[in-house]
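Participant: For reference, the file target-v3.txt (compact mmCIF, C-alpha atoms) is included below:
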```
# COMPACT_ATOMS: atom_id res chain seq x y z
CA MET C 1 129.44 103.38 195.09
CA ASN C 2 130.34 105.99 197.71
CA ASN C 3 131.25 109.08 195.66
CA HIS C 4 132.51 110.95 198.73
CA LEU C 5 134.94 108.13 199.52
CA THR C 6 136.31 107.85 196.00
CA LYS C 7 136.77 111.64 195.78
CA LEU C 8 138.60 111.59 199.11
CA LEU C 9 140.94 108.87 197.89
CA ASP C 10 141.42 110.70 194.58
CA LYS C 11 142.65 113.77 196.44
CA LEU C 12 144.88 111.85 198.83
CA TYR C 13 146.50 109.91 195.99
CA ALA C 14 147.09 113.14 194.06
CA ILE C 15 149.00 114.55 197.03
CA ASN C 16 151.49 111.77 197.71
CA HIS C 17 150.95 108.87 195.28
CA ILE C 18 151.04 106.22 198.00
CA GLU C 19 149.57 103.19 196.26
CA MET C 20 146.25 101.75 197.40
CA ALA C 21 142.98 100.27 196.18
CA LEU C 22 139.32 100.57 197.14
CA TYR C 23 137.30 97.36 197.48
CA SER C 24 133.68 96.59 198.26
CA GLU C 25 132.64 94.63 201.33
CA ASP C 26 132.59 91.45 199.24
CA ASP C 27 136.14 92.07 197.92
CA LYS C 28 135.25 93.44 194.47
CA LEU C 29 137.70 96.04 193.18
CA ILE C 30 136.10 99.48 192.92
CA LYS C 31 139.09 101.63 192.04
CA LEU C 32 142.85 101.15 191.83
CA TYR C 33 145.22 103.92 192.88
CA ALA C 34 148.50 102.54 191.57
CA SER C 35 150.68 102.77 188.49
CA ASN C 36 150.90 98.97 188.27
CA GLU C 37 147.69 97.43 186.93
CA PHE C 38 148.62 93.98 188.27
CA TYR C 39 148.54 95.08 191.93
CA PRO C 40 145.04 93.56 192.44
CA LYS C 41 146.72 90.15 192.00
CA ILE C 42 148.68 90.99 195.13
CA TYR C 43 146.02 92.92 197.04
CA LYS C 44 143.51 90.05 196.99
CA HIS C 45 145.72 88.18 199.46
CA PHE C 46 145.32 90.88 202.11
CA LEU C 47 141.58 91.62 202.20
CA GLY C 48 140.75 89.39 205.16
CA VAL C 49 139.24 91.35 208.06
CA GLU C 50 139.48 90.86 211.80
CA GLU C 51 136.55 91.24 214.16
CA ASN C 52 136.11 94.72 215.66
CA LYS C 53 139.19 96.06 213.87
CA THR C 54 139.21 98.89 211.33
CA PHE C 55 143.01 99.17 210.99
CA ILE C 56 144.91 95.96 210.28
CA LYS C 57 148.62 95.64 209.50
CA LYS C 58 149.47 92.92 206.96
CA GLU C 59 152.80 91.53 205.73
CA GLY C 60 153.45 89.64 202.53
CA GLN C 61 156.20 88.49 200.19
CA LEU C 62 156.80 92.03 198.93
CA GLY C 63 156.35 94.16 202.02
CA ILE C 64 153.92 95.79 204.46
CA TYR C 65 150.27 96.67 203.80
CA ASN C 66 147.61 98.39 205.91
CA LEU C 67 143.96 97.40 205.52
CA ILE C 68 141.42 100.02 206.60
CA ILE C 69 137.70 99.26 206.90
CA ASP C 70 135.26 102.12 206.40
CA LYS C 71 132.70 101.54 209.18
CA LYS C 72 129.96 103.43 207.33
CA SER C 73 130.07 101.49 204.07
CA ASN C 74 132.16 98.43 205.01
CA ASN C 75 134.33 99.23 201.99
CA LYS C 76 137.97 98.22 202.29
CA ILE C 77 141.03 100.29 201.46
CA ILE C 78 144.31 98.43 201.11
CA VAL C 79 147.37 100.71 201.35
CA GLY C 80 150.79 99.62 200.15
CA PRO C 81 153.04 97.93 199.66
CA PHE C 82 155.78 99.52 201.69
CA VAL C 83 158.73 97.48 200.37
CA ASN C 84 160.69 96.38 203.41
CA LYS C 85 162.85 93.59 202.02
CA ASP C 86 166.05 93.30 200.03
CA LEU C 87 164.68 91.75 196.83
CA ASP C 88 167.35 89.45 195.48
CA GLU C 89 166.83 87.01 192.62
CA LYS C 90 165.45 84.31 194.90
CA ALA C 91 162.95 86.70 196.52
CA ILE C 92 161.78 87.98 193.14
CA ALA C 93 161.20 84.43 191.92
CA LYS C 94 159.19 83.70 195.04
CA ILE C 95 157.05 86.84 194.53
CA LYS C 96 156.43 85.90 190.91
CA TYR C 97 155.27 82.41 191.84
CA PHE C 98 153.24 83.38 194.91
CA TYR C 99 151.27 86.16 193.19
CA SER C 100 151.15 84.53 189.71
CA LEU C 101 152.88 87.48 188.01
CA THR C 102 154.07 87.44 184.42
CA ASN C 103 157.68 88.16 183.40
CA ALA C 104 156.62 91.60 182.15
CA GLU C 105 154.90 92.38 185.45
CA ILE C 106 157.96 91.28 187.42
CA ASP C 107 160.19 93.48 185.25
CA THR C 108 157.88 96.45 185.88
CA LEU C 109 157.88 95.75 189.60
CA GLU C 110 161.67 95.49 189.81
CA SER C 111 162.13 98.68 187.81
CA LYS C 112 159.75 100.57 190.07
CA ILE C 113 161.47 99.36 193.24
CA TYR C 114 165.03 100.06 192.19
CA ASP C 115 164.28 103.44 190.61
CA SER C 116 162.36 104.75 193.60
CA THR C 117 163.82 106.96 196.30
CA SER C 118 164.34 105.63 199.80
CA ALA C 119 161.02 104.60 201.25
CA ASN C 120 159.83 106.33 204.40
CA TYR C 121 158.02 103.93 206.68
CA ILE C 122 156.87 106.69 209.03
CA THR C 123 155.22 108.58 206.14
CA PHE C 124 153.51 105.35 205.07
CA LEU C 125 152.14 104.88 208.60
CA HIS C 126 151.12 108.54 208.87
CA PHE C 127 149.16 108.26 205.63
CA SER C 128 147.36 105.10 206.77
CA SER C 129 146.63 106.64 210.17
CA LEU C 130 145.22 109.79 208.52
CA LEU C 131 143.00 107.76 206.22
CA ASN C 132 141.60 105.77 209.14
CA TYR C 133 140.98 109.00 211.06
CA LEU C 134 139.14 110.61 208.15
CA LEU C 135 136.96 107.55 207.61
CA ASN C 136 136.35 106.29 211.12
CA ASP C 137 137.28 109.17 213.42
CA GLU C 138 139.82 106.88 215.11
CA ASP C 139 143.33 108.09 215.82
CA ILE C 140 145.91 105.33 215.35
CA ASN C 141 149.12 106.12 217.25
CA ILE C 142 151.92 105.40 214.78
CA VAL C 143 154.40 105.11 217.63
CA ASP C 144 152.65 101.87 218.57
CA ALA C 145 152.90 100.70 214.95
CA PHE C 146 156.48 101.82 214.32
CA PHE C 147 158.04 101.19 217.72
CA SER C 148 156.19 98.04 218.67
CA GLN C 149 158.60 97.27 221.47
CA THR C 150 157.50 100.26 223.55
CA LYS C 151 154.97 97.99 225.27
CA GLU C 152 157.83 96.55 227.31
CA MET C 153 159.29 99.92 228.30
CA GLU C 154 158.82 101.89 231.46
CA PRO C 155 156.06 104.54 231.12
CA ALA C 156 157.05 108.05 230.08
CA LEU C 157 156.90 110.26 233.15
CA ASP C 158 158.21 113.63 232.05
CA GLN C 159 155.96 115.11 229.36
CA GLU C 160 157.24 118.64 229.97
CA ARG C 161 160.72 117.55 228.97
CA ALA C 162 159.36 116.33 225.63
CA GLN C 163 157.67 119.68 225.02
CA ASN C 164 160.89 121.54 225.83
CA PHE C 165 162.68 119.36 223.32
CA ILE C 166 160.13 120.31 220.65
CA LYS C 167 160.74 123.99 221.32
CA GLU C 168 164.49 123.61 221.24
CA SER C 169 164.78 121.97 217.83
CA TYR C 170 163.26 119.75 215.14
CA GLU C 171 160.44 122.21 214.54
CA ASN C 172 160.32 121.39 210.83
CA ARG C 173 162.91 119.09 209.30
CA THR C 174 166.36 117.87 210.22
CA HIS C 175 169.02 116.82 207.72
CA GLY C 176 171.53 114.15 208.64
CA THR C 177 171.92 112.20 211.85
CA TYR C 178 174.48 114.28 213.81
CA GLU C 179 171.87 116.01 215.95
CA LEU C 180 170.12 112.69 216.52
CA GLU C 181 173.36 111.13 217.73
CA GLN C 182 173.97 114.02 220.12
CA ARG C 183 170.48 113.74 221.60
CA LEU C 184 170.73 109.98 222.01
CA SER C 185 174.21 110.33 223.53
CA ARG C 186 172.87 112.66 226.20
CA PHE C 187 170.07 110.28 227.19
CA ILE C 188 172.39 107.24 227.28
CA GLU C 189 175.16 108.92 229.26
CA ASN C 190 172.64 110.11 231.89
CA GLY C 191 170.73 106.82 231.99
CA ASP C 192 167.61 108.87 231.22
CA ILE C 193 165.06 106.21 230.20
CA GLU C 194 161.99 108.44 230.50
CA GLY C 195 163.54 111.24 228.45
CA LEU C 196 164.61 108.76 225.77
CA GLU C 197 161.12 107.33 225.42
CA ASN C 198 159.67 110.86 225.05
CA PHE C 199 162.30 111.49 222.38
CA PHE C 200 161.33 108.37 220.44
CA ASN C 201 157.67 109.34 220.63
CA TYR C 202 158.40 112.81 219.27
CA ILE C 203 160.66 111.92 216.35
CA ALA C 204 158.26 109.19 215.21
CA LYS C 205 155.48 111.76 214.92
CA ASN C 206 157.31 114.84 213.71
CA VAL C 207 160.78 114.28 212.26
CA LYS C 208 161.97 113.39 208.78
CA PHE C 209 165.63 112.53 208.25
CA SER C 210 167.68 112.90 205.11
CA GLU C 211 170.56 110.46 205.09
CA GLY C 212 173.49 110.18 202.72
CA LYS C 213 173.53 107.17 200.41
CA LEU C 214 175.69 104.44 201.92
CA ALA C 215 174.62 101.41 199.88
CA GLU C 216 172.82 100.29 196.74
CA THR C 217 169.78 98.79 198.47
CA GLN C 218 167.53 100.21 201.16
CA LEU C 219 168.12 97.24 203.44
CA ARG C 220 171.92 97.51 203.22
CA GLN C 221 171.63 101.28 203.72
CA GLN C 222 169.71 100.80 206.96
CA LYS C 223 172.12 98.15 208.20
CA ASN C 224 175.10 100.42 207.55
CA LEU C 225 173.40 103.29 209.37
CA PHE C 226 172.54 101.02 212.29
CA ILE C 227 176.09 99.69 212.63
CA GLY C 228 177.55 103.18 212.47
CA LEU C 229 175.16 104.56 215.08
CA ILE C 230 175.66 101.67 217.50
CA ALA C 231 179.45 102.01 217.23
CA VAL C 232 179.31 105.75 217.96
CA LEU C 233 176.95 105.36 220.91
CA GLY C 234 178.71 102.30 222.31
CA LYS C 235 182.22 103.77 222.22
CA GLY C 236 181.07 107.19 223.46
CA PRO C 237 178.19 107.77 225.90
CA LEU C 238 177.89 104.13 226.99
CA ILE C 239 181.45 104.12 228.31
CA LYS C 240 181.20 107.70 229.61
CA GLY C 241 178.07 106.62 231.49
CA GLY C 242 180.15 104.14 233.46
CA VAL C 243 179.86 100.88 231.51
CA GLY C 244 183.15 99.00 231.26
CA VAL C 245 185.03 99.11 227.97
CA GLU C 246 184.90 95.34 227.49
CA ASP C 247 181.16 95.24 228.20
CA ALA C 248 180.54 98.14 225.81
CA TYR C 249 182.46 96.50 222.96
CA ASN C 250 180.69 93.21 223.59
CA LEU C 251 177.35 94.99 223.24
CA ILE C 252 178.47 96.68 220.01
CA ASP C 253 179.53 93.32 218.59
CA PHE C 254 176.30 91.65 219.71
CA TYR C 255 173.95 94.20 218.14
CA THR C 256 176.04 94.42 214.97
CA GLN C 257 175.81 90.66 214.48
CA GLU C 258 172.07 90.64 215.20
CA CYS C 259 171.46 93.47 212.72
CA GLU C 260 173.15 91.48 209.96
CA LYS C 261 170.64 88.66 210.48
CA LEU C 262 167.60 90.88 209.85
CA ASN C 263 165.84 91.09 206.48
CA SER C 264 163.41 93.97 206.84
CA ILE C 265 163.72 97.70 207.44
CA GLU C 266 161.19 97.90 210.27
CA ALA C 267 162.93 95.04 212.10
CA ILE C 268 166.17 97.06 211.97
CA SER C 269 164.29 100.12 213.26
CA ASN C 270 162.94 98.10 216.17
CA LEU C 271 166.39 96.68 216.94
CA ARG C 272 167.86 100.20 216.82
CA MET C 273 165.39 101.46 219.38
CA LEU C 274 165.87 98.43 221.60
CA ALA C 275 169.66 98.71 221.46
CA VAL C 276 169.61 102.40 222.40
CA MET C 277 167.09 101.74 225.17
CA ASN C 278 169.18 98.85 226.51
CA PHE C 279 172.31 101.05 226.42
CA THR C 280 170.42 103.60 228.52
CA LYS C 281 169.13 100.98 230.94
CA LYS C 282 172.65 99.59 231.25
CA VAL C 283 173.99 103.01 232.27
CA ARG C 284 171.14 103.54 234.73
CA SER C 285 171.90 100.16 236.27
CA VAL C 286 175.58 101.06 236.59
CA LYS C 287 174.75 104.42 238.16
CA ARG C 288 172.45 102.74 240.68
CA GLU C 289 175.14 100.17 241.45
CA SER C 290 177.62 102.98 242.10
CA ASN C 291 175.95 103.36 245.50
CA PHE C 292 176.79 99.76 246.38
CA SER C 293 179.73 98.85 248.56
CA ARG C 294 183.00 97.78 246.97
CA ASP C 295 182.40 94.14 247.94
CA THR C 296 178.89 94.07 246.43
CA LEU C 297 180.12 95.66 243.18
CA LYS C 298 182.94 93.14 242.99
CA ALA C 299 180.46 90.29 243.41
CA ILE C 300 178.11 91.70 240.76
CA ASP C 301 180.99 92.10 238.31
CA PHE C 302 182.04 88.49 238.93
CA ILE C 303 178.48 87.22 238.35
CA LYS C 304 178.01 89.17 235.11
CA SER C 305 181.44 88.13 233.84
CA ASN C 306 180.53 84.49 234.41
CA VAL C 307 176.96 84.52 233.19
CA THR C 308 177.62 81.55 230.88
CA ASN C 309 179.46 79.56 233.55
CA HIS C 310 178.14 77.42 236.37
CA ILE C 311 178.72 79.48 239.51
CA ASN C 312 177.36 79.15 243.04
CA LEU C 313 177.49 81.11 246.28
CA ASP C 314 180.92 79.77 247.21
CA ASP C 315 182.37 80.91 243.87
CA VAL C 316 181.12 84.46 244.47
CA LEU C 317 182.31 84.46 248.08
CA ASN C 318 185.77 83.32 246.96
CA SER C 319 185.87 86.18 244.44
CA VAL C 320 185.28 88.81 247.16
CA GLN C 321 187.11 86.92 249.95
CA ARG C 322 184.66 87.91 252.67
CA GLY C 323 182.93 86.04 255.46
CA ARG C 324 179.81 84.19 254.34
CA THR C 325 177.15 85.36 256.79
CA SER C 326 178.03 89.06 256.96
CA PHE C 327 178.50 89.37 253.19
CA LEU C 328 175.20 87.63 252.32
CA ILE C 329 173.30 89.86 254.75
CA ASN C 330 174.90 93.03 253.35
CA PHE C 331 174.41 91.95 249.70
CA LYS C 332 170.68 91.42 250.19
CA LYS C 333 170.39 94.69 252.10
CA GLU C 334 171.97 96.64 249.21
CA THR C 335 170.41 94.86 246.21
CA GLY C 336 167.06 93.89 247.70
CA ILE C 337 167.42 90.20 246.80
CA SER C 338 169.54 87.29 247.95
CA LEU C 339 172.82 86.42 246.25
CA GLY C 340 171.40 83.20 244.81
CA LYS C 341 168.41 84.99 243.31
CA TYR C 342 170.71 87.68 241.90
CA ILE C 343 172.75 85.05 240.05
CA THR C 344 169.55 83.62 238.54
CA LYS C 345 168.29 87.11 237.67
CA VAL C 346 171.45 87.93 235.68
CA LYS C 347 171.17 84.64 233.76
CA LEU C 348 167.46 85.22 233.00
CA GLU C 349 168.13 88.74 231.69
CA GLU C 350 170.75 87.30 229.36
CA ALA C 351 168.27 84.59 228.35
CA LYS C 352 165.79 87.30 227.32
CA ASN C 353 168.41 88.82 225.03
CA LEU C 354 169.21 85.45 223.46
CA LEU C 355 165.53 84.64 222.94
CA GLU C 356 164.88 88.03 221.40
CA PHE C 357 167.92 88.50 219.21
CA SER C 358 169.30 85.04 218.43
CA SER C 359 168.02 81.91 216.74
CA ASN C 360 169.31 79.60 219.49
CA SER C 361 166.79 77.00 220.67
CA VAL C 362 165.48 76.99 224.24
CA LEU C 363 167.61 73.92 224.91
CA ASP C 364 170.72 75.66 223.52
CA ILE C 365 170.07 78.74 225.66
CA SER C 366 169.66 76.63 228.81
CA ILE C 367 173.00 74.97 228.00
CA ILE C 368 174.77 78.24 227.13
CA LEU C 369 173.72 79.80 230.44
CA ASN C 370 174.50 76.62 232.39
CA PHE C 371 171.07 75.94 233.83
CA SER C 372 170.86 72.47 235.32
CA SER C 373 168.23 71.41 232.76
CA GLN C 374 165.94 72.79 230.09
CA SER C 375 162.86 72.14 232.23
CA TYR C 376 164.38 74.01 235.19
CA PHE C 377 165.24 76.95 232.93
CA GLN C 378 161.69 77.03 231.56
CA ASN C 379 160.18 76.89 235.06
CA VAL C 380 162.26 79.72 236.56
CA PHE C 381 161.80 81.84 233.42
CA LYS C 382 158.01 81.53 233.57
CA LYS C 383 158.00 82.19 237.32
CA GLU C 384 159.98 85.40 236.77
CA TYR C 385 158.26 86.78 233.67
CA GLY C 386 154.87 85.04 233.51
CA LEU C 387 155.68 83.52 230.09
CA THR C 388 157.53 80.45 228.94
CA PRO C 389 160.70 81.11 226.91
CA ILE C 390 158.88 80.08 223.71
CA GLU C 391 155.92 82.37 224.50
CA TYR C 392 158.32 85.25 225.21
CA ARG C 393 160.12 84.76 221.89
CA LYS C 394 156.84 84.44 219.97
CA ASN C 395 155.52 87.63 221.58
CA LYS C 396 158.66 89.54 220.62
CA ASN C 397 158.62 88.20 217.05
CA ASN C 398 154.96 89.16 216.64
CA ASN C 399 155.77 92.71 217.75
CA ILE C 400 158.56 92.99 215.20
CA ASN C 401 156.61 91.46 212.32
```
Can you turn what I pasted into structure tokens?
Facilitator:
Amino acid sequence: MNNHLTKLLDKLYAINHIEMALYSEDDKLIKLYASNEFYPKIYKHFLGVEENKTFIKKEGQLGIYNLIIDKKSNNKIIVGPFVNKDLDEKAIAKIKYFYSLTNAEIDTLESKIYDSTSANYITFLHFSSLLNYLLNDEDINIVDAFFSQTKEMEPALDQERAQNFIKESYENRTHGTYELEQRLSRFIENGDIEGLENFFNYIAKNVKFSEGKLAETQLRQQKNLFIGLIAVLGKGPLIKGGVGVEDAYNLIDFYTQECEKLNSIEAISNLRMLAVMNFTKKVRSVKRESNFSRDTLKAIDFIKSNVTNHINLDDVLNSVQRGRTSFLINFKKETGISLGKYITKVKLEEAKNLLEFSSNSVLDISIILNFSSQSYFQNVFKKEYGLTPIEYRKNKNNNIN
């Protein structure tokens, strides 16, 4: 047994009591760092390794786990669980059956969960990242783990702005979400995508928030916070940034409904970041469109307002009441693409939202957006994004889970 490793884990557990266990290469328990003696019944399900990986995120019936492989000894450390689900009676019964727990063990587990303070997913990731760094000298960026959707974002370009933000505030700890709302409002209203991404990167690494209790369960608490934040940002900076009132309220309704469908805390966190980023992108798009001519803006508004209807070039031309040839030439000159391609682009962007945040089938989405057929929708989607609709949805779901 590696005495240095066990002493290291002893000290880390003494500091924060994040539950974990040390296993040998052949999955034999060496030492348990948890108040619940039955945890090995659960841990044994998450000891599978992946080639060339020392840090592996796992998800089970109870929550999130991180498996860390010590490259020197090939010992395994399983960290967790971070409870990320609202454990109702049905979920508890499923956990009991899946992990073969006794009634007494289930009672202990329930008591521990409901008596604990609000879990901090960022702290959980920080701890796992630190452990991997101490063992393997590898620095895991928790932003990638926490904000998995950042892979789809534009790259951060203004690092100096992030450093200035650090100097201005959040040097130690912030209480409440008022300052957060003000910062996010500024980025959204200005359409500042790069600044927003720097902000997300910083708070994930450095900021702890203390929030008032709004609900009895952690999941309901996070949903209430999400809905409140989206309403504030949608009715304030989104509209101030130039987005129409009807569009803003539609976005608020959409994200509120999608939040209610989620059943894990980290999924809500991902949706929160995506919603705020999409608000910011929406404002930037509006600000860019402000340089368009009145006729082009009128056409764009007509297209976006009829995204679920079957519209063609003649429909758009009738909405602006301009001559065909001159208008089509000017529209392409201002937007960079033809009017027909712009109509398809708007529909495909809406399709991405439906694939990502709804449970509608590919066929349903093609019907909702009035594509001529499912196969045509799939073909133009893949041509535009390099993935089929199903591949796109699967990729997004894998990032969230």
Participant: Residues near range 102-106 of chain C, anyone? I mean within 10 Å using all atoms listed in the file, not counting same-chain ones fewer than 4 positions away, as number ranges by chain.
Facilitator: C: 36-39, 92-93, 95-97, 110-112
Participant: Just want the 10 Å neighbourhood of Ser366 in chain C, counted on all atoms listed in the file, with same-chain residues fewer than 6 positions away dropped. Output as a PyMOL selection string.
Facilitator: chain C and resi 308+347-348+351+360+372-378
Participant: Give as a list in words each residue that has an atom at most 9 Å from (176.9, 103.2, 225.8) in the file, counting all atoms listed in the file.
Facilitator: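 So the residues meeting the distance criterion are Ser185, Ile188, Glu189, Ile230, Val232, Leu233, Gly234, Lys235, Gly236, Pro237, Leu238, Ile239, Lys240, Gly241, Gly242, Val243, Ala248, Leu251, Ile252, Val276, Asn278, Phe279, Thr280, Lys282 and Val283 of chain C.
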Participant: CA of Asp88 in chain C and CA of Ala34 in chain C, how far apart in Å?
Facilitator: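 Result for CA of Ala34 in chain C versus CA of Asp88 in chain C: 23.3 Å, one decimal.
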Participant: Name the residues within 12 Å of (167.2, 85.8, 233.3), counting all atoms listed in the file in the file's coordinates, and put them as a VMD selection string.
Facilitator: chain C and resid 304 307 to 308 341 to 355 365 to 366 369 to 371 377 to 385 388 to 389
Participant: Can you work out which one of C:Asn190, C:Gln221, C:Asn66, C:Thr296 has the shortest atom-to-atom distance to Ser129 in chain C, counting all atoms listed in the file?
Facilitator: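 Closest to Ser129 in chain C of all the choices is C:Asn66.
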Participant: Calculate how many Å separate CA of Glu19 in chain C from CA of Gly63 in chain C, rounding to one decimal.
Facilitator: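 Atom-to-atom, CA of Glu19 in chain C to CA of Gly63 in chain C, that is 12.7 Å.
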Participant: Give me the residues within 12 Å of Lys298 in chain C as an NGL selection string, counting all atoms listed in the file and dropping any in the same chain fewer than 2 places off.
Facilitator: :C and (289-290 or 292-296 or 300-305 or 316-322 or 327 or 331)
Participant: Report the distance between CA of Val83 in chain C and CA of Asp253 in chain C in Å, rounded to one decimal place.
Facilitator: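 Interatomic distance, CA of Val83 in chain C to CA of Asp253 in chain C: 28.0 Å.
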Participant: So which residues touch His45 in chain C within 12 Å, counting all atoms listed in the file, skipping near sequence neighbours fewer than 6 positions away, as a list in words?
Facilitator: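 Listed by chain and then number, they are Asp27, Tyr39, Lys58, Glu59, Gly60, Gln61, Leu62, Tyr65, Leu67, Ile78, Phe98, Tyr99 and Ser100 of chain C.
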Participant: Please determine, counting all atoms listed in the file, which residue among C:Ile42, C:Ile367, C:Ala14, C:Ile268 has the shortest atom-to-atom distance to Ile227 in chain C.
Facilitator: C:Ile268
Participant: Which residue gives the smallest distance to Leu135 in chain C among C:Arg324, C:Arg186, C:His4, C:Lys41, with all atoms listed in the file counted?
Facilitator: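 Closest to Leu135 in chain C of all the choices is C:His4.
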Participant: Of the candidates C:Val286, C:Ile77, C:Ala299, C:Leu9, which shows the shortest atom-to-atom distance to Leu29 in chain C, using only C-alpha atoms?
Facilitator: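 Among C:Val286, C:Ile77, C:Ala299, C:Leu9, it is C:Ile77 that comes nearest to Leu29 in chain C.
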Participant: Find the axis-aligned box for range 361-369 of chain C, covering all its listed atoms and adding 8 Å on each side, and write its centre and edge lengths in Å to one decimal as JSON.
Facilitator:
```
{"center_x": 170.1, "center_y": 76.9, "center_z": 225.6, "size_x": 25.3, "size_y": 21.9, "size_z": 25.8}
```
Participant: Nearest to Leu134 in chain C among C:Thr256, C:Ile68, C:Phe46, C:Met20, with distances taken over all atoms listed in the file: which residue is it?
Facilitator: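 So, comparing all the options, the nearest one is C:Ile68.
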